[in-house]
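Take a look at the structure below.
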Amino acid sequence: MTESVLVAYGTKNGSTAQIAEAIAAVLRKNGLTADARPAASAEAGVASYDAVVVGGALYAGRWHRDARRFVRRHRPQLAARPVWLFSSGPLDASASERDIPPVSDVRRVMGRLDIREHVTFGGCIEEGARGYMARLILRSGKGGDFRDFGAVEAWAERIGAELVGEQAAERGREGSREGSGEGKG
Ligand SMILES: Cc1cc2nc3c(=O)[nH]c(=O)nc-3n(C[C@H](O)[C@H](O)[C@H](O)COP(=O)(O)O)c2cc1C
């Protein structure tokens, strides 16, 4: 059976949702089933998925509340699956130039769940963004789109390769068990 991946995201202005969609699209290209869903939506249940990617926008040094709540709510199911995390935030090229360490909310998750990897991608704030601070950032000319979709897709390719590789290895083990007659009788 094809492995299925949930890409759950917490966003305020929509740019993290687009990163999640890009990740899901790459996973599908790799032959997996993948859904990008708002972390707050009821649909974002975990039980029917084999692996989970959770992403959240960064606001004032915090991982988006929906991403935090999602992890809290689904922790037992997440603990039983491969999990990757991402953050999106920096409004400059820094995330493309170096690894940006996880914020404390994400570090806390990493202390409680054995996740595969966390990465921080550049963020985006554009005309129409909600909130006084967002408007202030835009007015001061510090807005823009700093998301590096090449980096996002490369990361998703790695996740896809890992899952597809593990799936093939599992099938190989099942095949050799059947071949040796193990489990029969
Ligand atoms: C009020 C405000 C606070 C922000 N705080 C941070 C921050 O602490 N760290 C960071 O890397 N980016 C910060 N950002 C940038 C956002 O994380 C970035 O715009 C992100 O792409 C927004 O994601 P969203 O469109 O999914 O809501 C902030 C943006 C705003 C408007």
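Residue numbering restarts at 1 in every chain; chains get A, B, ... in the order shown in the structure tokens, and ligands count up from 1 in that same order.
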
Query raised in the report: Among chain A, which residues carry a DSSP assignment of strand (DSSP E), reported as a VMD selection string?
Result: chain A and resid 4 to 10 33 to 38 51 to 59 62 to 63 83 to 88 117 to 121 124 to 125 144 to 145

Query raised in the report: What residues have any atom no more than 9 Å from ligand 1 when counting only C-alpha atoms and all ligand atoms, and can you list them as JSON, numbers by chain?
Result: {"A": [9, 10, 11, 12, 13, 14, 15, 16, 17, 18, 19, 56, 57, 58, 59, 60, 61, 62, 63, 64, 87, 88, 89, 90, 91, 92, 95, 100, 103, 120, 121, 122, 123, 124, 125, 126, 129, 130, 131, 132, 133, 134, 135, 136, 137, 138, 143, 144, 145, 146, 147]}

Query raised in the report: For Val53 of chain A, which residue among A:Met1, A:Val109, A:Ala8, A:Ala156 is the nearest when counting only C-alpha atoms?
Result: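 For Val53 of chain A, the nearest of the given residues is A:Ala8.
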
Requested in this report: Based on DSSP run over this structure's backbone, return all residues of segment 107-183 of chain A in helix (DSSP H, G or I), as a ChimeraX atom specification.
Outcome: /A:107-112,132-139,149-179

Since we have the selection now, will you write its residues out, keeping C-alpha atoms, as a short mmCIF file (atom, residue, chain, number, x, y, z; two decimals), in the first residue's frame?
data_model
loop_
_atom_site.label_atom_id
_atom_site.label_comp_id
_atom_site.auth_asym_id
_atom_site.auth_seq_id
_atom_site.Cartn_x
_atom_site.Cartn_y
_atom_site.Cartn_z
CA ARG A 107 12.69 22.63 20.89
CA ARG A 108 10.10 21.62 23.48
CA VAL A 109 8.38 19.41 20.90
CA MET A 110 11.75 17.92 19.99
CA GLY A 111 12.30 17.09 23.65
CA ARG A 112 9.05 15.14 23.76
CA TYR A 132 -0.76 46.27 12.85
CA MET A 133 2.80 44.95 13.15
CA ALA A 134 2.60 43.40 9.70
CA ARG A 135 1.50 46.73 8.24
CA LEU A 136 4.34 48.44 10.08
CA ILE A 137 6.87 45.99 8.65
CA LEU A 138 5.47 46.57 5.16
CA ARG A 139 5.47 50.34 5.56
CA PHE A 149 10.94 26.96 -2.80
CA GLY A 150 14.04 25.25 -4.15
CA ALA A 151 15.09 24.52 -0.57
CA VAL A 152 11.53 23.52 0.39
CA GLU A 153 11.32 21.07 -2.50
CA ALA A 154 14.78 19.64 -1.83
CA TRP A 155 13.79 19.00 1.78
CA ALA A 156 10.54 17.34 0.69
CA GLU A 157 12.50 15.19 -1.79
CA ARG A 158 14.63 13.92 1.09
CA ILE A 159 11.54 13.08 3.15
CA GLY A 160 10.01 11.31 0.15
CA ALA A 161 13.19 9.34 -0.52
CA GLU A 162 13.41 8.26 3.12
CA LEU A 163 9.80 7.07 3.23
CA VAL A 164 9.91 5.34 -0.15
CA GLY A 165 13.20 3.66 0.82
CA GLU A 166 11.78 2.45 4.12
CA GLN A 167 8.65 1.19 2.40
CA ALA A 168 10.76 -0.79 -0.11
CA ALA A 169 12.88 -2.25 2.70
CA GLU A 170 9.75 -3.28 4.58
CA ARG A 171 8.35 -4.96 1.46
CA GLY A 172 11.66 -6.75 1.00
CA ARG A 173 11.52 -8.07 4.57
CA GLU A 174 7.91 -9.20 4.10
CA GLY A 175 8.89 -10.90 0.82
CA SER A 176 11.74 -12.82 2.41
CA ARG A 177 9.55 -13.86 5.35
CA GLU A 178 6.98 -15.23 2.93
CA GLY A 179 9.73 -16.88 0.87
#

So that I can see what lies close to segment 68-77 of chain A, please list as a PDB file with N, CA and C atoms, in the first residue's frame the residues with an atom at most 7 Å from it, counting only C-alpha atoms and leaving out residues fewer than 4 positions away in the same chain.
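Below is the file that was written, part_29.pdb:
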ATOM      1  N   ALA A  39      -3.616  22.811  10.447  1.00  0.00           N
ATOM      2  CA  ALA A  39      -3.451  22.024  11.674  1.00  0.00           C
ATOM      3  C   ALA A  39      -4.689  22.132  12.563  1.00  0.00           C
ATOM      4  N   ALA A  40      -5.414  23.229  12.439  1.00  0.00           N
ATOM      5  CA  ALA A  40      -6.569  23.436  13.319  1.00  0.00           C
ATOM      6  C   ALA A  40      -7.813  22.707  12.817  1.00  0.00           C
ATOM      7  N   VAL A  46      -4.621  12.241  12.553  1.00  0.00           N
ATOM      8  CA  VAL A  46      -3.333  11.645  12.252  1.00  0.00           C
ATOM      9  C   VAL A  46      -3.465  10.147  11.990  1.00  0.00           C
ATOM     10  N   ALA A  47      -4.512   9.544  12.565  1.00  0.00           N
ATOM     11  CA  ALA A  47      -4.609   8.078  12.588  1.00  0.00           C
ATOM     12  C   ALA A  47      -4.521   7.437  11.208  1.00  0.00           C
ATOM     13  N   TRP A  63       6.227  29.503  17.638  1.00  0.00           N
ATOM     14  CA  TRP A  63       5.682  28.659  16.569  1.00  0.00           C
ATOM     15  C   TRP A  63       4.183  28.854  16.581  1.00  0.00           C
ATOM     16  N   HIS A  64       3.563  28.954  15.410  1.00  0.00           N
ATOM     17  CA  HIS A  64       2.128  29.253  15.339  1.00  0.00           C
ATOM     18  C   HIS A  64       1.314  28.352  16.279  1.00  0.00           C
ATOM     19  N   ARG A  81       4.828   7.512  14.751  1.00  0.00           N
ATOM     20  CA  ARG A  81       5.051   7.721  13.309  1.00  0.00           C
ATOM     21  C   ARG A  81       6.305   8.559  13.074  1.00  0.00           C
TER      22      ARG A  81
END

Report task. Just give me the gap between atom CA of Val7 of chain A and atom CA of Ile23 of chain A in Å, one decimal is fine. Result ->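 Between atom CA of Val7 of chain A and atom CA of Ile23 of chain A the gap works out to 7.6 Å.
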